[in-house]
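Asker: For reference, this is structure12.pdb, and it has PDB, C-alpha atoms.
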ATOM      1  CA  MET D   1     -49.254  11.470 -48.154
ATOM      2  CA  LEU D   2     -52.676  12.241 -46.687
ATOM      3  CA  ASP D   3     -53.070  15.131 -49.074
ATOM      4  CA  LEU D   4     -52.306  12.899 -52.059
ATOM      5  CA  LEU D   5     -54.822  10.343 -50.810
ATOM      6  CA  THR D   6     -57.486  13.045 -50.421
ATOM      7  CA  ARG D   7     -56.915  14.345 -53.958
ATOM      8  CA  GLY D   8     -57.130  10.770 -55.275
ATOM      9  CA  LEU D   9     -60.476  10.217 -53.533
ATOM     10  CA  SER D  10     -61.742  13.539 -54.879
ATOM     11  CA  ARG D  11     -60.938  12.460 -58.427
ATOM     12  CA  GLU D  12     -62.662   9.112 -57.909
ATOM     13  CA  PHE D  13     -65.687  10.579 -56.078
ATOM     14  CA  PRO D  14     -65.947  14.236 -57.229
ATOM     15  CA  ASN D  15     -69.287  14.929 -55.412
ATOM     16  CA  PRO D  16     -69.373  12.740 -52.327
ATOM     17  CA  GLN D  17     -72.784  12.673 -50.601
ATOM     18  CA  ARG D  18     -72.767  14.665 -47.376
ATOM     19  CA  VAL D  19     -73.993  12.632 -44.404
ATOM     20  CA  GLY D  20     -77.487  13.699 -43.315
ATOM     21  CA  CYS D  21     -77.867  16.113 -46.230
ATOM     22  CA  PRO D  22     -80.503  15.891 -48.956
ATOM     23  CA  ASP D  23     -79.199  14.889 -52.348
ATOM     24  CA  SER D  24     -79.096  17.306 -55.262
ATOM     25  CA  ALA D  25     -82.380  15.987 -56.660
ATOM     26  CA  VAL D  26     -84.192  17.016 -53.461
ATOM     27  CA  LEU D  27     -82.561  20.454 -53.434
ATOM     28  CA  ARG D  28     -83.494  20.932 -57.089
ATOM     29  CA  GLY D  29     -87.071  19.860 -56.365
ATOM     30  CA  ILE D  30     -87.290  22.439 -53.557
ATOM     31  CA  ALA D  31     -85.703  25.219 -55.653
ATOM     32  CA  PHE D  32     -87.905  24.508 -58.683
ATOM     33  CA  ARG D  33     -91.016  24.033 -56.483
ATOM     34  CA  LYS D  34     -91.621  20.514 -57.702
ATOM     35  CA  LEU D  35     -92.007  18.923 -54.241
ATOM     36  CA  ARG D  36     -95.057  18.930 -52.055
ATOM     37  CA  LEU D  37     -95.027  21.066 -48.911
ATOM     38  CA  ALA D  38     -94.932  17.963 -46.710
ATOM     39  CA  GLU D  39     -91.764  16.806 -48.474
ATOM     40  CA  VAL D  40     -90.108  20.212 -48.112
ATOM     41  CA  ASP D  41     -90.817  20.787 -44.403
ATOM     42  CA  GLN D  42     -88.380  18.160 -43.227
ATOM     43  CA  TRP D  43     -85.459  19.935 -44.928
ATOM     44  CA  LEU D  44     -86.163  23.574 -44.072
ATOM     45  CA  GLU D  45     -84.368  23.509 -40.722
ATOM     46  CA  HIS D  46     -81.448  21.628 -42.280
ATOM     47  CA  LEU D  47     -81.047  24.239 -45.036
ATOM     48  CA  SER D  48     -80.874  27.012 -42.441
ATOM     49  CA  SER D  49     -78.039  25.297 -40.580
ATOM     50  CA  CYS D  50     -76.031  23.578 -43.357
ATOM     51  CA  SER D  51     -73.911  26.055 -45.308
ATOM     52  CA  PRO D  52     -72.987  23.732 -48.239
ATOM     53  CA  CYS D  53     -76.626  22.717 -48.757
ATOM     54  CA  TYR D  54     -77.784  26.333 -48.505
ATOM     55  CA  GLN D  55     -75.217  27.475 -51.062
ATOM     56  CA  GLU D  56     -76.230  24.728 -53.473
ATOM     57  CA  PHE D  57     -79.911  25.523 -52.894
ATOM     58  CA  THR D  58     -79.271  29.247 -53.502
ATOM     59  CA  GLU D  59     -77.548  28.492 -56.814
ATOM     60  CA  LEU D  60     -80.398  26.206 -57.872
ATOM     61  CA  ARG D  61     -82.945  28.852 -56.897
ATOM     62  CA  LYS D  62     -81.185  31.369 -59.172
ATOM     63  CA  GLN D  63     -81.424  28.865 -62.015
ATOM     64  CA  ALA D  64     -85.121  28.340 -61.277
ATOM     65  CA  ALA D  65     -85.778  32.100 -61.245
ATOM     66  CA  SER D  66     -83.945  32.489 -64.570
ATOM     67  CA  GLN D  67     -85.980  29.646 -66.062
ATOM     68  CA  ARG D  68     -89.236  31.225 -64.854
ATOM     69  CA  ARG D  69     -88.282  34.563 -66.415
ATOM     70  CA  ARG D  70     -87.579  32.866 -69.737
ATOM     71  CA  MET D  71     -90.884  31.016 -69.514
ATOM     72  CA  GLN D  72     -92.784  34.265 -68.777
ATOM     73  CA  ALA D  73     -91.090  35.927 -71.746
ATOM     74  CA  TRP D  74     -92.125  33.053 -74.020
ATOM     75  CA  ILE D  75     -95.688  33.215 -72.686
ATOM     76  CA  ALA D  76     -95.825  36.960 -73.385
ATOM     77  CA  VAL D  77     -94.538  36.428 -76.927
ATOM     78  CA  ALA D  78     -97.033  33.602 -77.470
ATOM     79  CA  ALA D  79     -99.899  35.804 -76.208
ATOM     80  CA  VAL D  80     -98.943  38.588 -78.625
ATOM     81  CA  LEU D  81     -98.795  36.107 -81.504
ATOM     82  CA  ILE D  82    -102.176  34.623 -80.563
ATOM     83  CA  PHE D  83    -103.809  38.072 -80.496
ATOM     84  CA  ALA D  84    -102.143  38.984 -83.793
ATOM     85  CA  VAL D  85    -103.318  35.782 -85.484
ATOM     86  CA  ALA D  86    -106.814  36.152 -83.990
ATOM     87  CA  GLY D  87    -107.019  39.721 -85.309
ATOM     88  CA  TRP D  88    -105.837  38.646 -88.749
ATOM     89  CA  LEU D  89    -108.382  35.826 -88.845
ATOM     90  CA  TRP D  90    -111.163  38.180 -87.747
ATOM     91  CA  VAL D  91    -110.337  40.626 -90.538
ATOM     92  CA  ARG D  92    -109.950  37.798 -93.054
ATOM     93  CA  ILE D  93    -113.260  36.175 -92.140
ATOM     94  CA  HIS D  94    -115.272  39.401 -92.067
ATOM     95  CA  HIS D  95    -113.833  40.620 -95.344
ATOM     96  CA  SER D  96    -114.150  37.286 -97.123
ATOM     97  CA  VAL D  97    -117.795  36.601 -96.212
ATOM     98  CA  PRO D  98    -119.812  37.056 -99.412
ATOM     99  CA  PRO D  99    -122.723  39.516 -99.302
ATOM    100  CA  PRO D 100    -126.082  37.921 -98.465
ATOM    101  CA  GLU D 101    -128.000  36.463-101.384
ATOM    102  CA  THR D 102    -131.266  37.885-100.099
ATOM    103  CA  ALA D 103    -131.842  41.642-100.298
ATOM    104  CA  VAL D 104    -134.574  43.448 -98.352
ATOM    105  CA  LEU D 105    -135.889  46.658 -99.904
ATOM    106  CA  ASP D 106    -138.157  48.938 -97.865
ATOM    107  CA  LEU D 107    -140.611  50.707-100.153
ATOM    108  CA  ARG D 108    -143.133  51.605 -97.446
ATOM    109  CA  GLU D 109    -142.414  55.333 -97.311
ATOM    110  CA  LEU D 110    -141.925  55.698-101.069
ATOM    111  CA  SER D 111    -144.930  57.068-102.885
ATOM    112  CA  VAL D 112    -144.764  56.910-106.657
ATOM    113  CA  ALA D 113    -147.769  57.266-108.941
ATOM    114  CA  ARG D 114    -148.239  54.508-111.479
ATOM    115  CA  GLY D 115    -146.762  55.361-114.830
ATOM    116  CA  GLN D 116    -144.303  57.912-113.442
ATOM    117  CA  THR D 117    -140.606  57.560-114.239
ATOM    118  CA  PRO D 118    -137.972  57.730-111.462
ATOM    119  CA  SER D 119    -136.636  60.998-112.907
ATOM    120  CA  GLN D 120    -140.019  62.574-112.185
ATOM    121  CA  THR D 121    -139.877  61.734-108.470
ATOM    122  CA  ASN D 122    -136.364  62.924-107.518
ATOM    123  CA  GLN D 123    -136.019  59.880-105.296
ATOM    124  CA  HIS D 124    -132.716  58.671-103.996
ATOM    125  CA  PRO D 125    -132.032  55.255-105.527
ATOM    126  CA  LEU D 126    -132.432  52.094-103.507
ATOM    127  CA  GLU D 127    -129.277  49.999-103.217
ATOM    128  CA  ILE D 128    -128.801  46.299-103.820
ATOM    129  CA  SER D 129    -125.750  44.055-103.940
ATOM    130  CA  ARG D 130    -124.972  42.404-107.278
ATOM    131  CA  PHE D 131    -124.707  39.110-105.379
ATOM    132  CA  ALA D 132    -128.410  39.162-104.513
ATOM    133  CA  LYS D 133    -130.588  36.425-105.969
ATOM    134  CA  HIS D 134    -133.742  36.849-103.894
ATOM    135  CA  LEU D 135    -135.692  40.036-103.200
ATOM    136  CA  ILE D 136    -137.942  40.773-100.256
ATOM    137  CA  LEU D 137    -139.940  43.913-101.022
ATOM    138  CA  GLU D 138    -141.849  45.694 -98.265
ATOM    139  CA  LEU D 139    -144.490  47.388-100.401
ATOM    140  CA  PRO D 140    -145.764  50.955 -99.937
ATOM    141  CA  ILE D 141    -148.489  51.617 -97.414
ATOM    142  CA  GLY D 142    -151.881  50.882 -98.969
ATOM    143  CA  SER D 143    -150.583  48.183-101.322
ATOM    144  CA  LYS D 144    -152.844  45.178-101.854
ATOM    145  CA  GLU D 145    -152.067  41.519-101.423
ATOM    146  CA  GLY D 146    -151.913  39.309-104.481
ATOM    147  CA  ILE D 147    -149.748  38.544-107.497
ATOM    148  CA  TYR D 148    -147.183  41.102-108.663
ATOM    149  CA  ASP D 149    -144.828  41.308-111.604
ATOM    150  CA  VAL D 150    -141.290  42.473-110.803
ATOM    151  CA  ALA D 151    -138.738  43.638-113.358
ATOM    152  CA  LEU D 152    -135.257  45.076-113.358
ATOM    153  CA  VAL D 153    -135.021  47.591-116.206
ATOM    154  CA  SER D 154    -132.089  49.532-117.623
ATOM    155  CA  GLU D 155    -132.242  53.330-117.767
ATOM    156  CA  SER D 156    -132.845  53.033-121.500
ATOM    157  CA  GLY D 157    -135.950  50.934-120.851
ATOM    158  CA  ASN D 158    -134.642  47.446-121.673
ATOM    159  CA  GLN D 159    -135.937  44.749-119.367
ATOM    160  CA  ILE D 160    -133.003  42.799-117.889
ATOM    161  CA  GLN D 161    -134.587  40.504-115.312
ATOM    162  CA  SER D 162    -138.197  39.709-114.498
ATOM    163  CA  ALA D 163    -140.120  37.545-112.076
ATOM    164  CA  SER D 164    -143.462  37.303-110.322
ATOM    165  CA  GLY D 165    -144.457  36.662-106.749
ATOM    166  CA  THR D 166    -147.350  36.809-104.337
ATOM    167  CA  ALA D 167    -147.539  39.662-101.833
ATOM    168  CA  GLN D 168    -148.882  38.793 -98.396
ATOM    169  CA  LEU D 169    -149.598  40.730 -95.218
ATOM    170  CA  GLN D 170    -146.926  39.941 -92.630
ATOM    171  CA  ASN D 171    -146.686  41.848 -89.352
ATOM    172  CA  ARG D 172    -148.911  44.598 -90.794
ATOM    173  CA  VAL D 173    -146.624  44.987 -93.829
ATOM    174  CA  VAL D 174    -147.525  43.796 -97.319
ATOM    175  CA  THR D 175    -144.420  41.824 -98.290
ATOM    176  CA  LEU D 176    -143.526  40.529-101.737
ATOM    177  CA  ARG D 177    -140.905  37.869-102.381
ATOM    178  CA  ALA D 178    -139.401  37.408-105.829
ATOM    179  CA  ASP D 179    -136.410  35.575-107.262
ATOM    180  CA  ILE D 180    -134.298  37.921-109.365
ATOM    181  CA  ASP D 181    -130.648  37.003-109.932
ATOM    182  CA  VAL D 182    -128.656  40.233-109.994
ATOM    183  CA  SER D 183    -125.283  38.470-110.257
ATOM    184  CA  THR D 184    -125.332  38.824-114.070
ATOM    185  CA  VAL D 185    -125.994  42.558-113.882
ATOM    186  CA  ARG D 186    -123.171  45.081-114.079
ATOM    187  CA  PRO D 187    -122.973  47.678-111.276
ATOM    188  CA  GLY D 188    -124.800  50.899-112.064
ATOM    189  CA  LEU D 189    -128.178  52.647-112.004
ATOM    190  CA  TYR D 190    -131.346  50.752-112.979
ATOM    191  CA  VAL D 191    -135.096  50.840-112.431
ATOM    192  CA  LEU D 192    -137.073  48.431-110.272
ATOM    193  CA  ALA D 193    -140.567  48.098-111.727
ATOM    194  CA  LEU D 194    -143.625  46.627-109.952
ATOM    195  CA  ARG D 195    -147.194  46.078-111.053
ATOM    196  CA  GLN D 196    -150.223  43.958-110.471
ATOM    197  CA  PRO D 197    -151.470  42.224-113.621
ATOM    198  CA  GLY D 198    -153.429  44.623-115.808
ATOM    199  CA  LEU D 199    -152.142  47.758-114.057
ATOM    200  CA  GLU D 200    -149.385  50.179-114.975
ATOM    201  CA  TRP D 201    -145.822  49.783-113.716
ATOM    202  CA  THR D 202    -144.637  51.596-110.610
ATOM    203  CA  ARG D 203    -140.947  52.392-110.955
ATOM    204  CA  TYR D 204    -138.217  52.976-108.374
ATOM    205  CA  PRO D 205    -134.601  53.993-109.037
ATOM    206  CA  ILE D 206    -132.157  51.373-107.827
ATOM    207  CA  ARG D 207    -128.381  51.180-107.715
ATOM    208  CA  VAL D 208    -126.593  47.840-108.150
ATOM    209  CA  PHE D 209    -123.183  47.826-106.465
TER     210      PHE D 209
END
Please re-express this file's structure in structure tokens.

Answerer:
Amino acid sequence: MLDLLTRGLSREFPNPQRVGCPDSAVLRGIAFRKLRLAEVDQWLEHLSSCSPCYQEFTELRKQAASQRRRMQAWIAVAAVLIFAVAGWLWVRIHHSVPPPETAVLDLRELSVARGQTPSQTNQHPLEISRFAKHLILELPIGSKEGIYDVALVSESGNQIQSASGTAQLQNRVVTLRADIDVSTVRPGLYVLALRQPGLEWTRYPIRVF
């Protein structure tokens, strides 16, 4: 009769609260480290002396450890994805940035007599991007300040682009700025021609790429 009564109470109250024991929420908070140290201290001695509470706490601690491992795995996967996306963006940005519209050509060490053709000098051609629209020319040593004509000429001698600008001494370098839009020019070998009004052209081989 007593046994039947006990089974009936167990069905009605399947998890009866143990007297003096912390409830499952407290044990879960301890196992999952969600309680402050001051809240945990009062139950440490009880856990060491109460077998049912210790068993429940041990099971909850296993669940917490499993959850932490899953979280660490997700964090590792997320870190790999972040680095992969960052690398892809870096490559995409650096490969999609258009070339600068201003090209700087250093002519300081190039010595070409006026009237000479590039084939007579055996010079390696200068290089300029076909996206350039503005030229900054650092003129050869000994060049004078003042107005210059600038022209982009085909190898056959046809003038393709022309402009004029004023050369000025900047940081001990005579520098000429001119607006020549190379975007309409097909890649290939050309001639960059310079002159002061009334003088002969000085020509430099140049490659548009």

Asker: Would you kindly translate the PyMOL selection byres ((chain D and resi 192) around 7) into the concrete residues it picks from this file, as a list of chain:residue names?

Answerer: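 Applying the expression gives D:Ala151, D:Leu152, D:Val153, D:Tyr190, D:Val191, D:Ala193, D:Leu194, D:Arg203, D:Tyr204, D:Pro205, D:Ile206.
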
Asker: Could you tell me how far atom CA of D:Asp23 lies from atom CA of D:Pro52, in Å and to one decimal?

Answerer: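 Separation of atom CA of D:Asp23 and atom CA of D:Pro52: 11.6 Å.
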
Asker: Under the rule that all atoms listed in the file are counted, which of D:Ser183, D:Gln196, D:Thr202, D:Ser156 is the nearest residue to D:Lys144?

Answerer: D:Gln196

Asker: Go ahead and fit an axis-aligned box to every listed atom of stretch 35-46 of chain D plus 6 Å each side, and pass me the centre and edge lengths in Å, one decimal, as lines of an AutoDock Vina configuration file.

Answerer:
center_x = -88.3
center_y = 20.2
center_z = -47.5
size_x = 25.6
size_y = 18.8
size_z = 25.5

Asker: Just the residues within 8 Å of stretch 157-171 of chain D, please, counting all atoms listed in the file, with nothing from its chain fewer than 5 positions along; format it as a count of residues only.

Answerer: 16

Asker: Name the closest residue to D:Pro187 among the candidates D:Trp201, D:Phe209, D:Phe131, D:Phe57; distances are taken between atoms, counting only C-alpha atoms.

Answerer: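 Checking each of D:Trp201, D:Phe209, D:Phe131, D:Phe57 against D:Pro187, counting only C-alpha atoms, the winner is D:Phe209.
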
Asker: Once the PyMOL selection byres ((chain D and resi 32-41) around 12) has been evaluated on this model, what residues remain selected, and can you format them as JSON, numbers by chain?

Answerer: {"D": [22, 24, 25, 26, 27, 28, 29, 30, 31, 42, 43, 44, 45, 46, 47, 48, 57, 58, 59, 60, 61, 62, 63, 64, 65, 66, 67, 68]}

Asker: Using all atoms listed in the file, find the one residue out of D:Ser154, D:Ser143, D:Gln72, D:Ser129 that sits nearest to D:Leu105.

Answerer: D:Ser129

Asker: Would you mind reading off the distance between atom CA of D:Cys53 and atom CA of D:Cys21, one decimal, in Å?

Answerer: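 Distance reported for this atom pair: 7.2 Å.
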
Asker: Name every residue that the PyMOL selection byres ((chain D and resi 108) around 10) selects in this structure, writing the answer as JSON, numbers by chain with chains first and numbers rising.

Answerer: {"D": [105, 106, 107, 109, 110, 111, 137, 138, 139, 140, 141, 142, 143, 173, 174, 175]}

Asker: Between atom CA of D:Pro125 and atom CA of D:Leu189, measure the distance and give it in Å to one decimal.

Answerer: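 Interatomic distance, atom CA of D:Pro125 to atom CA of D:Leu189: 8.0 Å.
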